[in-house]
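Okay, model.txt is below, compact mmCIF, C-alpha atoms and all ligand atoms:
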# COMPACT_ATOMS: atom_id res chain seq x y z
CA MET T 1231 103.19 94.64 112.26
CA LYS T 1232 100.74 97.55 112.08
CA ILE T 1233 99.00 98.25 108.82
CA ALA T 1234 96.57 100.95 107.74
CA VAL T 1235 94.30 100.08 104.80
CA ILE T 1236 93.31 103.30 103.14
CA ASN T 1237 91.91 104.93 100.00
CA PHE T 1238 89.83 108.06 99.43
CA SER T 1239 87.51 105.87 97.33
CA GLY T 1240 84.76 103.74 98.80
CA ASN T 1241 84.09 100.23 97.53
CA VAL T 1242 87.65 99.43 96.48
CA GLY T 1243 87.93 96.49 98.87
CA LYS T 1244 89.51 98.01 101.99
CA THR T 1245 87.43 95.95 104.37
CA THR T 1246 87.72 92.81 102.24
CA ILE T 1247 91.50 93.15 102.04
CA ALA T 1248 91.89 93.95 105.73
CA ARG T 1249 89.87 90.90 106.72
CA HIS T 1250 90.77 88.30 104.13
CA LEU T 1251 94.19 89.23 102.76
CA LEU T 1252 96.06 90.87 105.63
CA ALA T 1253 94.77 89.95 109.08
CA PRO T 1254 94.78 86.14 108.56
CA ARG T 1255 98.43 86.23 107.47
CA ILE T 1256 99.79 88.32 110.33
CA THR T 1257 100.10 86.46 113.63
CA ASP T 1258 97.36 87.44 116.06
CA ALA T 1259 96.42 90.52 114.11
CA GLU T 1260 93.05 92.00 114.86
CA VAL T 1261 91.14 94.29 112.53
CA ILE T 1262 90.05 97.67 113.80
CA SER T 1263 87.44 99.36 111.64
CA ILE T 1264 87.24 103.09 111.56
CA GLU T 1265 83.88 103.41 109.91
CA SER T 1266 81.37 106.17 110.33
CA ILE T 1267 79.12 105.39 113.21
CA ASN T 1268 76.20 106.36 111.02
CA ALA T 1269 77.49 104.65 107.92
CA ASP T 1270 73.99 104.23 106.56
CA VAL T 1271 72.99 107.84 107.14
CA ASP T 1272 73.81 110.37 104.42
CA GLN T 1273 75.84 112.54 106.68
CA ALA T 1274 79.04 110.84 107.77
CA THR T 1275 80.08 111.23 111.38
CA PRO T 1276 83.43 113.00 111.44
CA LEU T 1277 86.31 111.27 113.12
CA ARG T 1278 86.98 113.35 116.18
CA GLY T 1279 90.42 114.26 117.48
CA SER T 1280 89.64 112.47 120.74
CA GLN T 1281 88.94 109.23 118.86
CA PHE T 1282 92.18 109.62 116.98
CA GLY T 1283 93.95 110.15 120.29
CA GLU T 1284 92.43 106.90 121.53
CA LEU T 1285 93.49 105.10 118.36
CA GLN T 1286 97.06 106.30 118.78
CA GLU T 1287 97.10 105.17 122.39
CA TYR T 1288 95.67 101.81 121.44
CA LEU T 1289 98.27 101.34 118.71
CA GLN T 1290 101.00 101.67 121.33
CA THR T 1291 99.57 98.73 123.26
CA VAL T 1292 99.34 96.14 120.46
CA ASP T 1293 101.96 94.50 118.24
CA ASN T 1294 99.91 93.38 115.27
CA VAL T 1295 96.89 95.17 113.93
CA VAL T 1296 95.16 96.04 110.68
CA VAL T 1297 93.26 99.33 110.72
CA ASP T 1298 90.51 99.50 108.11
CA ILE T 1299 89.74 103.13 107.41
CA GLY T 1300 86.29 103.66 105.91
CA ALA T 1301 86.36 106.07 102.96
CA SER T 1302 84.30 108.69 104.77
CA ASN T 1303 86.95 108.93 107.50
CA VAL T 1304 90.08 109.02 105.37
CA GLU T 1305 90.16 112.77 104.95
CA ASP T 1306 89.71 113.39 108.69
CA LEU T 1307 92.27 110.76 109.59
CA LEU T 1308 94.88 112.22 107.28
CA SER T 1309 94.33 115.74 108.56
CA LEU T 1310 94.67 114.45 112.13
CA MET T 1311 97.85 112.68 111.09
CA ARG T 1312 99.23 115.99 109.93
CA LYS T 1313 98.21 117.64 113.18
CA TYR T 1314 99.76 114.95 115.37
CA ARG T 1315 103.06 115.16 113.58
CA GLY T 1316 104.85 111.83 113.28
CA SER T 1317 101.74 109.80 114.16
CA HIS T 1318 101.96 108.00 110.81
CA GLU T 1319 105.02 106.27 112.23
CA ASP T 1320 102.67 104.14 114.32
CA PHE T 1321 102.00 102.25 111.10
CA ASP T 1322 104.64 100.11 109.44
CA TYR T 1323 102.74 100.04 106.16
CA PHE T 1324 99.91 101.73 104.32
CA VAL T 1325 98.10 99.35 101.99
CA ILE T 1326 96.02 100.99 99.27
CA PRO T 1327 93.51 98.79 97.45
CA THR T 1328 92.65 100.02 94.00
CA VAL T 1329 90.28 98.95 91.21
CA PRO T 1330 90.30 99.54 87.44
CA ALA T 1331 87.54 102.20 87.22
CA LEU T 1332 89.13 105.50 86.21
CA LYS T 1333 87.55 107.52 89.04
CA GLN T 1334 88.99 105.06 91.56
CA GLN T 1335 92.41 105.22 89.93
CA GLN T 1336 92.27 108.99 90.27
CA ASP T 1337 91.28 108.70 93.93
CA THR T 1338 94.16 106.28 94.41
CA ILE T 1339 96.54 108.84 92.92
CA ALA T 1340 95.12 111.46 95.31
CA THR T 1341 95.61 109.04 98.22
CA LEU T 1342 99.23 108.39 97.22
CA ALA T 1343 99.89 112.12 96.88
CA GLU T 1344 98.40 112.80 100.29
CA LEU T 1345 100.39 110.05 102.02
CA SER T 1346 103.53 111.35 100.37
CA ARG T 1347 102.70 114.90 101.51
CA ILE T 1348 102.43 113.67 105.10
CA GLY T 1349 105.95 112.32 104.69
CA ILE T 1350 105.32 108.60 104.31
CA PRO T 1351 108.10 107.13 102.16
CA ALA T 1352 107.36 104.95 99.12
CA ALA T 1353 108.92 101.94 100.87
CA ARG T 1354 106.05 101.91 103.38
CA ILE T 1355 103.25 102.14 100.82
CA ARG T 1356 101.79 99.20 98.90
CA LEU T 1357 99.11 98.92 96.25
CA VAL T 1358 96.76 95.98 95.86
CA PHE T 1359 95.18 95.73 92.44
CA ASN T 1360 91.68 94.49 93.23
CA LEU T 1361 88.79 93.32 91.07
CA VAL T 1362 91.13 92.36 88.28
CA GLU T 1363 89.28 90.23 85.73
CA ASP T 1364 91.00 86.98 84.76
CA GLY T 1365 93.44 87.37 81.94
CA THR T 1366 93.58 91.15 82.06
CA ASP T 1367 96.86 92.95 81.86
CA ILE T 1368 97.33 95.24 84.86
CA SER T 1369 99.55 97.62 82.95
CA GLU T 1370 96.63 98.25 80.61
CA SER T 1371 93.72 98.36 83.03
CA PHE T 1372 95.58 100.56 85.53
CA ASP T 1373 97.32 102.69 82.94
CA ALA T 1374 96.40 106.06 84.52
CA LEU T 1375 97.66 105.05 87.94
CA LEU T 1376 100.81 103.34 86.69
CA SER T 1377 101.74 106.30 84.50
CA PHE T 1378 101.45 108.56 87.53
CA ILE T 1379 103.66 106.26 89.64
CA LYS T 1380 106.24 106.13 86.88
CA GLU T 1381 106.57 109.90 87.04
CA HIS T 1382 106.11 110.19 90.79
CA PRO T 1383 107.48 107.05 92.45
CA MET T 1384 105.40 107.34 95.62
CA THR T 1385 105.10 103.58 95.88
CA ARG T 1386 106.67 100.58 94.30
CA ALA T 1387 103.89 98.77 92.48
CA SER T 1388 104.10 95.02 92.09
CA MET T 1389 101.86 93.55 89.39
CA ARG T 1390 101.69 90.38 91.46
CA CYS T 1391 99.71 92.13 94.22
CA ARG T 1392 96.43 91.38 92.48
CA LEU T 1393 93.09 89.88 93.41
CA GLY T 1394 90.54 88.68 90.93
CA VAL T 1395 86.81 89.15 91.04
CA ASN T 1396 85.46 86.42 93.30
CA GLU T 1397 81.98 86.03 94.73
CA ILE T 1398 83.33 84.36 97.86
CA TYR T 1399 83.76 87.80 99.44
CA GLU T 1400 80.04 88.53 99.08
CA ARG T 1401 79.17 85.11 100.43
CA VAL T 1402 81.13 85.58 103.64
CA LYS T 1403 80.55 89.30 104.05
CA GLY T 1404 79.56 90.33 107.56
CA THR T 1405 80.63 86.99 109.05
CA SER T 1406 83.90 86.23 110.78
CA THR T 1407 84.72 83.42 108.34
CA ASP T 1408 88.41 82.63 107.92
CA LEU T 1409 88.75 81.51 104.30
CA ALA T 1410 91.77 79.27 104.93
CA GLU T 1411 89.91 77.52 107.76
CA LEU T 1412 86.85 77.17 105.57
CA ALA T 1413 88.94 75.72 102.72
CA LYS T 1414 90.29 73.05 105.10
CA ASP T 1415 86.87 72.05 106.46
CA GLU T 1416 86.35 68.36 105.81
CA THR T 1417 82.61 68.06 106.21
CA ASP T 1418 81.33 65.46 103.76
CA TYR T 1419 78.62 67.59 102.19
CA LYS T 1420 78.03 65.10 99.38
CA ALA T 1421 77.14 62.40 101.89
CA GLN T 1422 74.93 64.83 103.81
CA ILE T 1423 73.18 65.92 100.62
CA ALA T 1424 72.50 62.29 99.72
CA VAL T 1425 70.60 61.68 102.96
CA ALA T 1426 69.01 65.11 103.37
CA PRO T 1427 65.23 64.67 103.60
CA ASP T 1428 64.11 67.49 101.33
CA ILE T 1429 65.19 69.73 98.49
CA SER T 1430 65.55 72.87 100.56
CA GLU T 1431 67.97 71.16 102.94
CA LYS T 1432 69.91 69.76 100.01
CA LEU T 1433 70.18 73.25 98.56
CA VAL T 1434 71.49 74.72 101.80
CA LEU T 1435 74.19 72.04 101.92
CA ALA T 1436 74.99 72.54 98.24
CA GLN T 1437 75.52 76.25 98.94
CA LYS T 1438 77.95 75.41 101.73
CA LEU T 1439 79.83 73.04 99.45
CA ALA T 1440 80.08 75.70 96.76
CA THR T 1441 81.29 78.31 99.26
CA ARG T 1442 83.99 75.93 100.49
CA ARG T 1443 85.10 75.25 96.92
CA LEU T 1444 85.33 78.97 96.24
CA ALA T 1445 87.37 79.41 99.41
CA ALA T 1446 89.75 76.63 98.39
CA GLY T 1447 90.17 78.31 95.03
CA VAL T 1448 90.82 81.81 96.38
CA VAL T 1449 93.23 81.05 99.23
CA PRO T 1450 96.27 80.40 96.97
CA GLU T 1451 95.56 83.69 95.20
CA LEU T 1452 95.43 85.52 98.54
CA ASP T 1453 98.68 83.79 99.62
CA ASP T 1454 100.45 84.88 96.40
CA CYS T 1455 99.17 88.43 96.69
CA PHE T 1456 100.27 88.66 100.32
CA ALA T 1457 103.74 87.29 99.51
CA ALA T 1458 104.08 89.82 96.70
CA LEU T 1459 103.40 92.66 99.16
CA GLU T 1460 106.76 91.82 100.76
CA LEU T 1461 105.87 93.17 104.17
CA SER T 1462 108.69 92.51 106.56
N1 LIG T 1501 87.96 90.85 94.69
C1 LIG T 1501 86.65 91.01 94.87
N2 LIG T 1501 85.77 90.23 94.17
C2 LIG T 1501 84.44 90.39 94.32
N3 LIG T 1501 83.87 91.28 95.16
C3 LIG T 1501 84.69 92.07 95.87
C4 LIG T 1501 86.10 91.98 95.77
N4 LIG T 1501 86.64 92.91 96.61
C5 LIG T 1501 85.60 93.52 97.21
N5 LIG T 1501 84.43 93.02 96.77
C6 LIG T 1501 83.07 93.45 97.15
O1 LIG T 1501 82.95 94.82 96.85
C7 LIG T 1501 82.21 95.50 97.87
C8 LIG T 1501 83.07 96.60 98.46
O2 LIG T 1501 84.17 96.01 99.14
P1 LIG T 1501 84.60 96.52 100.57
O3 LIG T 1501 83.42 96.63 101.48
O4 LIG T 1501 85.73 95.67 101.02
O5 LIG T 1501 85.10 97.99 100.16
P2 LIG T 1501 85.56 99.19 101.08
O6 LIG T 1501 86.67 99.84 100.36
O7 LIG T 1501 85.82 98.69 102.46
O8 LIG T 1501 84.29 100.14 101.08
P3 LIG T 1501 83.94 101.35 102.10
O9 LIG T 1501 84.81 102.48 101.76
O10 LIG T 1501 82.50 101.61 101.82
O11 LIG T 1501 84.19 100.83 103.49
C9 LIG T 1501 81.84 94.43 98.88
O12 LIG T 1501 80.53 94.02 98.59
C10 LIG T 1501 82.81 93.31 98.64
O13 LIG T 1501 82.27 92.04 98.97
MG MG T 1502 84.92 99.18 104.27

Spit out the file's structure as structure tokens when you get a sec.
Amino acid sequence: MKIAVINFSGNVGKTTIARHLLAPRITDAEVISIESINADVDQATPLRGSQFGELQEYLQTVDNVVVDIGASNVEDLLSLMRKYRGSHEDFDYFVIPTVPALKQQQDTIATLAELSRIGIPAARIRLVFNLVEDGTDISESFDALLSFIKEHPMTRASMRCRLGVNEIYERVKGTSTDLAELAKDETDYKAQIAVAPDISEKLVLAQKLATRRLAAGVVPELDDCFAALELS
């Protein structure tokens, strides 16, 4: 299965969702990041046609992959997809993370409209409602987006494709941690804390214990969200 994770908006959880929701649940899937080379410099490096050519070639050689498209490259990627007509067919699905802030909902609408314009059918597009606070009603917090989809059914939104706010993602950011693996880790931190010689060592172990507990708590949510995506 080949999935593109995309949204015109930055900070909606594309990388988080590629790494922690999708890749671990697709056999042998690797994550390819299309981020600006100079991500920390003001001026984004444009995605060049030659790189897109390479990406297309690479996609022909692998079975399972998740392509994480950094916000600064989305526009270029989509215009290249129009140029290389039919190249969107290299992807089985386009997963669009979205968050409640109105600006991000509007960007999500723009992303949907653009994917539709390229000719990607609703059946190959999925939304993931991210950063949903516990107990909030998606139909209320994503009202702008859902109203748009009702009028223009460019995707089939499932309210069950939701992820709550969870600090685990910050804790493991930039590492290759697999949350399901971490949740299963059986290290007896309590015993280690009891015999640790000083406070600072105890605190380090306590942090690890807390991170594992968070992982154990979030994995069922990720499993449910993935199942609700109904990727086949
Ligand atoms: N469900 C969540 N709960 C808490 N924090 C989250 C959640 N999803 C994402 N984050 C955090 O929000 C920030 C942005 O997420 P992420 O880097 O995945 O976004 P992005 O869409 O890939 O951004 P960019 O377009 O800049 O690449 C990160 O610090 C990440 O840890
Ligand atoms: Mg990212």

Once you count all atoms listed in the file, which residues end up within 7 Å of ligand MG 1502 (chain T), and could you hand them over as a PyMOL selection string? chain T and resi 1241+1243-1245+1298-1300

So which residues touch Met1311 (chain T) within 12 Å, counting all atoms listed in the file, skipping near sequence neighbours fewer than 2 positions away, as a VMD selection string? chain T and resid 1277 1279 1282 to 1283 1285 to 1286 1304 to 1309 1313 to 1321 1344 to 1345 1347 to 1350

Expected file: the selected residues, C-alpha atoms, as a PDB file, in the frame of the given file:
ATOM      1  CA  LEU T1277      86.310 111.270 113.120  1.00  0.00           C
ATOM      2  CA  GLY T1279      90.420 114.260 117.480  1.00  0.00           C
ATOM      3  CA  PHE T1282      92.180 109.620 116.980  1.00  0.00           C
ATOM      4  CA  GLY T1283      93.950 110.150 120.290  1.00  0.00           C
ATOM      5  CA  LEU T1285      93.490 105.100 118.360  1.00  0.00           C
ATOM      6  CA  GLN T1286      97.060 106.300 118.780  1.00  0.00           C
ATOM      7  CA  VAL T1304      90.080 109.020 105.370  1.00  0.00           C
ATOM      8  CA  GLU T1305      90.160 112.770 104.950  1.00  0.00           C
ATOM      9  CA  ASP T1306      89.710 113.390 108.690  1.00  0.00           C
ATOM     10  CA  LEU T1307      92.270 110.760 109.590  1.00  0.00           C
ATOM     11  CA  LEU T1308      94.880 112.220 107.280  1.00  0.00           C
ATOM     12  CA  SER T1309      94.330 115.740 108.560  1.00  0.00           C
ATOM     13  CA  LYS T1313      98.210 117.640 113.180  1.00  0.00           C
ATOM     14  CA  TYR T1314      99.760 114.950 115.370  1.00  0.00           C
ATOM     15  CA  ARG T1315     103.060 115.160 113.580  1.00  0.00           C
ATOM     16  CA  GLY T1316     104.850 111.830 113.280  1.00  0.00           C
ATOM     17  CA  SER T1317     101.740 109.800 114.160  1.00  0.00           C
ATOM     18  CA  HIS T1318     101.960 108.000 110.810  1.00  0.00           C
ATOM     19  CA  GLU T1319     105.020 106.270 112.230  1.00  0.00           C
ATOM     20  CA  ASP T1320     102.670 104.140 114.320  1.00  0.00           C
ATOM     21  CA  PHE T1321     102.000 102.250 111.100  1.00  0.00           C
ATOM     22  CA  GLU T1344      98.400 112.800 100.290  1.00  0.00           C
ATOM     23  CA  LEU T1345     100.390 110.050 102.020  1.00  0.00           C
ATOM     24  CA  ARG T1347     102.700 114.900 101.510  1.00  0.00           C
ATOM     25  CA  ILE T1348     102.430 113.670 105.100  1.00  0.00           C
ATOM     26  CA  GLY T1349     105.950 112.320 104.690  1.00  0.00           C
ATOM     27  CA  ILE T1350     105.320 108.600 104.310  1.00  0.00           C
TER      28      ILE T1350
END

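Residues in contact with ligand LIG 1501 (chain T) comprise T:Ser1239, T:Gly1240, T:Asn1241, T:Val1242, T:Gly1243, T:Lys1244, T:Thr1245, T:Thr1246, T:Ile1247, T:Glu1265, T:Gly1300, T:Ala1301, T:Ser1302, T:Asn1360, T:Leu1361, T:Leu1393, T:Gly1394, T:Val1395, T:Asn1396, T:Glu1397, T:Tyr1399, T:Glu1400, T:Lys1403, where contact means an atom-to-atom distance of at most 7 Å counting all atoms listed in the file.
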
Write out, as a short mmCIF file (atom, residue, chain, number, x, y, z; two decimals), keeping the file's coordinate frame, the residues just selected, with C-alpha atoms.
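Once written, result-v3.cif looks like this:
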data_model
loop_
_atom_site.label_atom_id
_atom_site.label_comp_id
_atom_site.auth_asym_id
_atom_site.auth_seq_id
_atom_site.Cartn_x
_atom_site.Cartn_y
_atom_site.Cartn_z
CA SER T 1239 87.51 105.87 97.33
CA GLY T 1240 84.76 103.74 98.80
CA ASN T 1241 84.09 100.23 97.53
CA VAL T 1242 87.65 99.43 96.48
CA GLY T 1243 87.93 96.49 98.87
CA LYS T 1244 89.51 98.01 101.99
CA THR T 1245 87.43 95.95 104.37
CA THR T 1246 87.72 92.81 102.24
CA ILE T 1247 91.50 93.15 102.04
CA GLU T 1265 83.88 103.41 109.91
CA GLY T 1300 86.29 103.66 105.91
CA ALA T 1301 86.36 106.07 102.96
CA SER T 1302 84.30 108.69 104.77
CA ASN T 1360 91.68 94.49 93.23
CA LEU T 1361 88.79 93.32 91.07
CA LEU T 1393 93.09 89.88 93.41
CA GLY T 1394 90.54 88.68 90.93
CA VAL T 1395 86.81 89.15 91.04
CA ASN T 1396 85.46 86.42 93.30
CA GLU T 1397 81.98 86.03 94.73
CA TYR T 1399 83.76 87.80 99.44
CA GLU T 1400 80.04 88.53 99.08
CA LYS T 1403 80.55 89.30 104.05
#

CA of Leu1357 (chain T) to CA of Glu1260 (chain T), distance in Å rounded to a single decimal: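 CA of Glu1260 (chain T) lies 20.8 Å from CA of Leu1357 (chain T).
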
Shortest interatomic distance to Leu1252 (chain T) - which of T:Gln1335, T:Thr1405, T:Tyr1288, T:Val1297, counting all atoms listed in the file: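 Between T:Gln1335, T:Thr1405, T:Tyr1288, T:Val1297, the residue approaching Leu1252 (chain T) most closely is T:Val1297.
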
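Protein, DNA and RNA residues at most 12 Å from (92.1, 88.2, 120.2), with only C-alpha atoms, are these: T:Ala1253, T:Thr1257, T:Asp1258, T:Ala1259, T:Glu1260, T:Val1261, T:Ile1262, T:Val1292, T:Asp1293, T:Asn1294, T:Val1295.
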
Identify which of the residues T:Arg1401, T:His1382, T:His1250, T:Arg1356 lies closest to Asp1453 (chain T), counting all atoms listed in the file when measuring atom-to-atom distances.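 Ranking T:Arg1401, T:His1382, T:His1250, T:Arg1356 by distance to Asp1453 (chain T), first place goes to T:His1250.
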
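Considering only C-alpha atoms, the residue among T:Val1402, T:Ala1374, T:Ala1387, T:Leu1439 positioned nearest to Tyr1419 (chain T) is T:Leu1439.
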
Gln1422 (chain T) environment, 10 Å, all atoms listed in the file, sequence neighbours closer than 3 positions dropped, as a VMD selection string: chain T and resid 1417 to 1419 1425 to 1427 1431 to 1432 1435 to 1436

When you draw a straight line from CA of Leu1452 (chain T) to CA of Asp1322 (chain T), how long is it in Å? 20.4 Å

Would you pick out the contacts of region 1254-1256 of chain T at 12 Å or less, using only C-alpha atoms, so that residues sharing its chain but fewer than 6 positions from it are not included, and give the list as a compact mmCIF listing (two decimals) with C-alpha atoms, in the coordinates of the input?
# COMPACT_ATOMS: atom_id res chain seq x y z
CA MET T 1231 103.19 94.64 112.26
CA LYS T 1232 100.74 97.55 112.08
CA ILE T 1233 99.00 98.25 108.82
CA THR T 1246 87.72 92.81 102.24
CA ILE T 1247 91.50 93.15 102.04
CA ALA T 1248 91.89 93.95 105.73
CA ASP T 1293 101.96 94.50 118.24
CA ASN T 1294 99.91 93.38 115.27
CA VAL T 1295 96.89 95.17 113.93
CA VAL T 1296 95.16 96.04 110.68
CA SER T 1406 83.90 86.23 110.78
CA THR T 1407 84.72 83.42 108.34
CA ASP T 1408 88.41 82.63 107.92
CA LEU T 1409 88.75 81.51 104.30
CA ALA T 1410 91.77 79.27 104.93
CA GLU T 1411 89.91 77.52 107.76
CA VAL T 1449 93.23 81.05 99.23
CA LEU T 1452 95.43 85.52 98.54
CA ASP T 1453 98.68 83.79 99.62
CA ASP T 1454 100.45 84.88 96.40
CA CYS T 1455 99.17 88.43 96.69
CA PHE T 1456 100.27 88.66 100.32
CA ALA T 1457 103.74 87.29 99.51
CA LEU T 1459 103.40 92.66 99.16
CA LEU T 1461 105.87 93.17 104.17
CA SER T 1462 108.69 92.51 106.56

One-decimal distance in Å that lies between CA of Ile1326 (chain T) and CA of Asp1373 (chain T): 16.5 Å

Edge lengths and centre in Å, axis-aligned, region 1345-1351 of chain T plus 5 Å each side, as JSON:
{"center_x": 104.2, "center_y": 111.0, "center_z": 102.7, "size_x": 17.7, "size_y": 17.8, "size_z": 14.7}

Nearest residue to Ile1236 (chain T) out of T:Leu1310, T:Leu1342, T:Leu1289, T:Leu1412, using all atoms listed in the file? T:Leu1342

Nearest to Ala1343 (chain T): which of T:Ala1234, T:Val1448, T:Ile1398, T:Leu1375 is it, counting only C-alpha atoms?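 Answer, going by the shortest atom-to-atom distance: T:Leu1375.
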
Please rebuild region 1232-1247 of chain T with N, CA and C atoms and return the result as a PDB file, in the frame of the given file.
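Below is the file result-v5.pdb, written as the result:
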ATOM      1  N   LYS T1232     101.947  96.704 112.025  1.00  0.00           N
ATOM      2  CA  LYS T1232     100.740  97.550 112.080  1.00  0.00           C
ATOM      3  C   LYS T1232     100.496  98.135 110.686  1.00  0.00           C
ATOM      4  N   ILE T1233      99.312  97.868 110.196  1.00  0.00           N
ATOM      5  CA  ILE T1233      99.000  98.250 108.820  1.00  0.00           C
ATOM      6  C   ILE T1233      97.736  99.103 108.784  1.00  0.00           C
ATOM      7  N   ALA T1234      97.789 100.163 108.009  1.00  0.00           N
ATOM      8  CA  ALA T1234      96.570 100.950 107.740  1.00  0.00           C
ATOM      9  C   ALA T1234      96.131 100.609 106.316  1.00  0.00           C
ATOM     10  N   VAL T1235      94.842 100.335 106.144  1.00  0.00           N
ATOM     11  CA  VAL T1235      94.300 100.080 104.800  1.00  0.00           C
ATOM     12  C   VAL T1235      93.460 101.306 104.450  1.00  0.00           C
ATOM     13  N   ILE T1236      93.829 101.945 103.365  1.00  0.00           N
ATOM     14  CA  ILE T1236      93.310 103.300 103.140  1.00  0.00           C
ATOM     15  C   ILE T1236      93.091 103.576 101.647  1.00  0.00           C
ATOM     16  N   ASN T1237      92.098 104.364 101.344  1.00  0.00           N
ATOM     17  CA  ASN T1237      91.910 104.930 100.000  1.00  0.00           C
ATOM     18  C   ASN T1237      90.769 105.947 100.106  1.00  0.00           C
ATOM     19  N   PHE T1238      90.913 107.071  99.434  1.00  0.00           N
ATOM     20  CA  PHE T1238      89.830 108.060  99.430  1.00  0.00           C
ATOM     21  C   PHE T1238      88.545 107.463  98.847  1.00  0.00           C
ATOM     22  N   SER T1239      88.678 106.482  97.973  1.00  0.00           N
ATOM     23  CA  SER T1239      87.510 105.870  97.330  1.00  0.00           C
ATOM     24  C   SER T1239      86.839 104.851  98.233  1.00  0.00           C
ATOM     25  N   GLY T1240      85.516 104.826  98.170  1.00  0.00           N
ATOM     26  CA  GLY T1240      84.760 103.740  98.800  1.00  0.00           C
ATOM     27  C   GLY T1240      84.707 102.562  97.838  1.00  0.00           C
ATOM     28  N   ASN T1241      84.342 101.403  98.367  1.00  0.00           N
ATOM     29  CA  ASN T1241      84.090 100.230  97.530  1.00  0.00           C
ATOM     30  C   ASN T1241      85.274  99.709  96.740  1.00  0.00           C
ATOM     31  N   VAL T1242      86.483  99.961  97.212  1.00  0.00           N
ATOM     32  CA  VAL T1242      87.650  99.430  96.480  1.00  0.00           C
ATOM     33  C   VAL T1242      88.151  98.137  97.113  1.00  0.00           C
ATOM     34  N   GLY T1243      87.532  97.747  98.238  1.00  0.00           N
ATOM     35  CA  GLY T1243      87.930  96.490  98.870  1.00  0.00           C
ATOM     36  C   GLY T1243      88.786  96.658 100.130  1.00  0.00           C
ATOM     37  N   LYS T1244      88.706  97.811 100.774  1.00  0.00           N
ATOM     38  CA  LYS T1244      89.510  98.010 101.990  1.00  0.00           C
ATOM     39  C   LYS T1244      89.154  96.989 103.070  1.00  0.00           C
ATOM     40  N   THR T1245      87.860  96.868 103.322  1.00  0.00           N
ATOM     41  CA  THR T1245      87.430  95.950 104.370  1.00  0.00           C
ATOM     42  C   THR T1245      87.726  94.500 103.986  1.00  0.00           C
ATOM     43  N   THR T1246      87.468  94.169 102.734  1.00  0.00           N
ATOM     44  CA  THR T1246      87.720  92.810 102.240  1.00  0.00           C
ATOM     45  C   THR T1246      89.196  92.455 102.390  1.00  0.00           C
ATOM     46  N   ILE T1247      90.055  93.381 102.012  1.00  0.00           N
ATOM     47  CA  ILE T1247      91.500  93.150 102.040  1.00  0.00           C
ATOM     48  C   ILE T1247      92.028  93.114 103.468  1.00  0.00           C
TER      49      ILE T1247
END
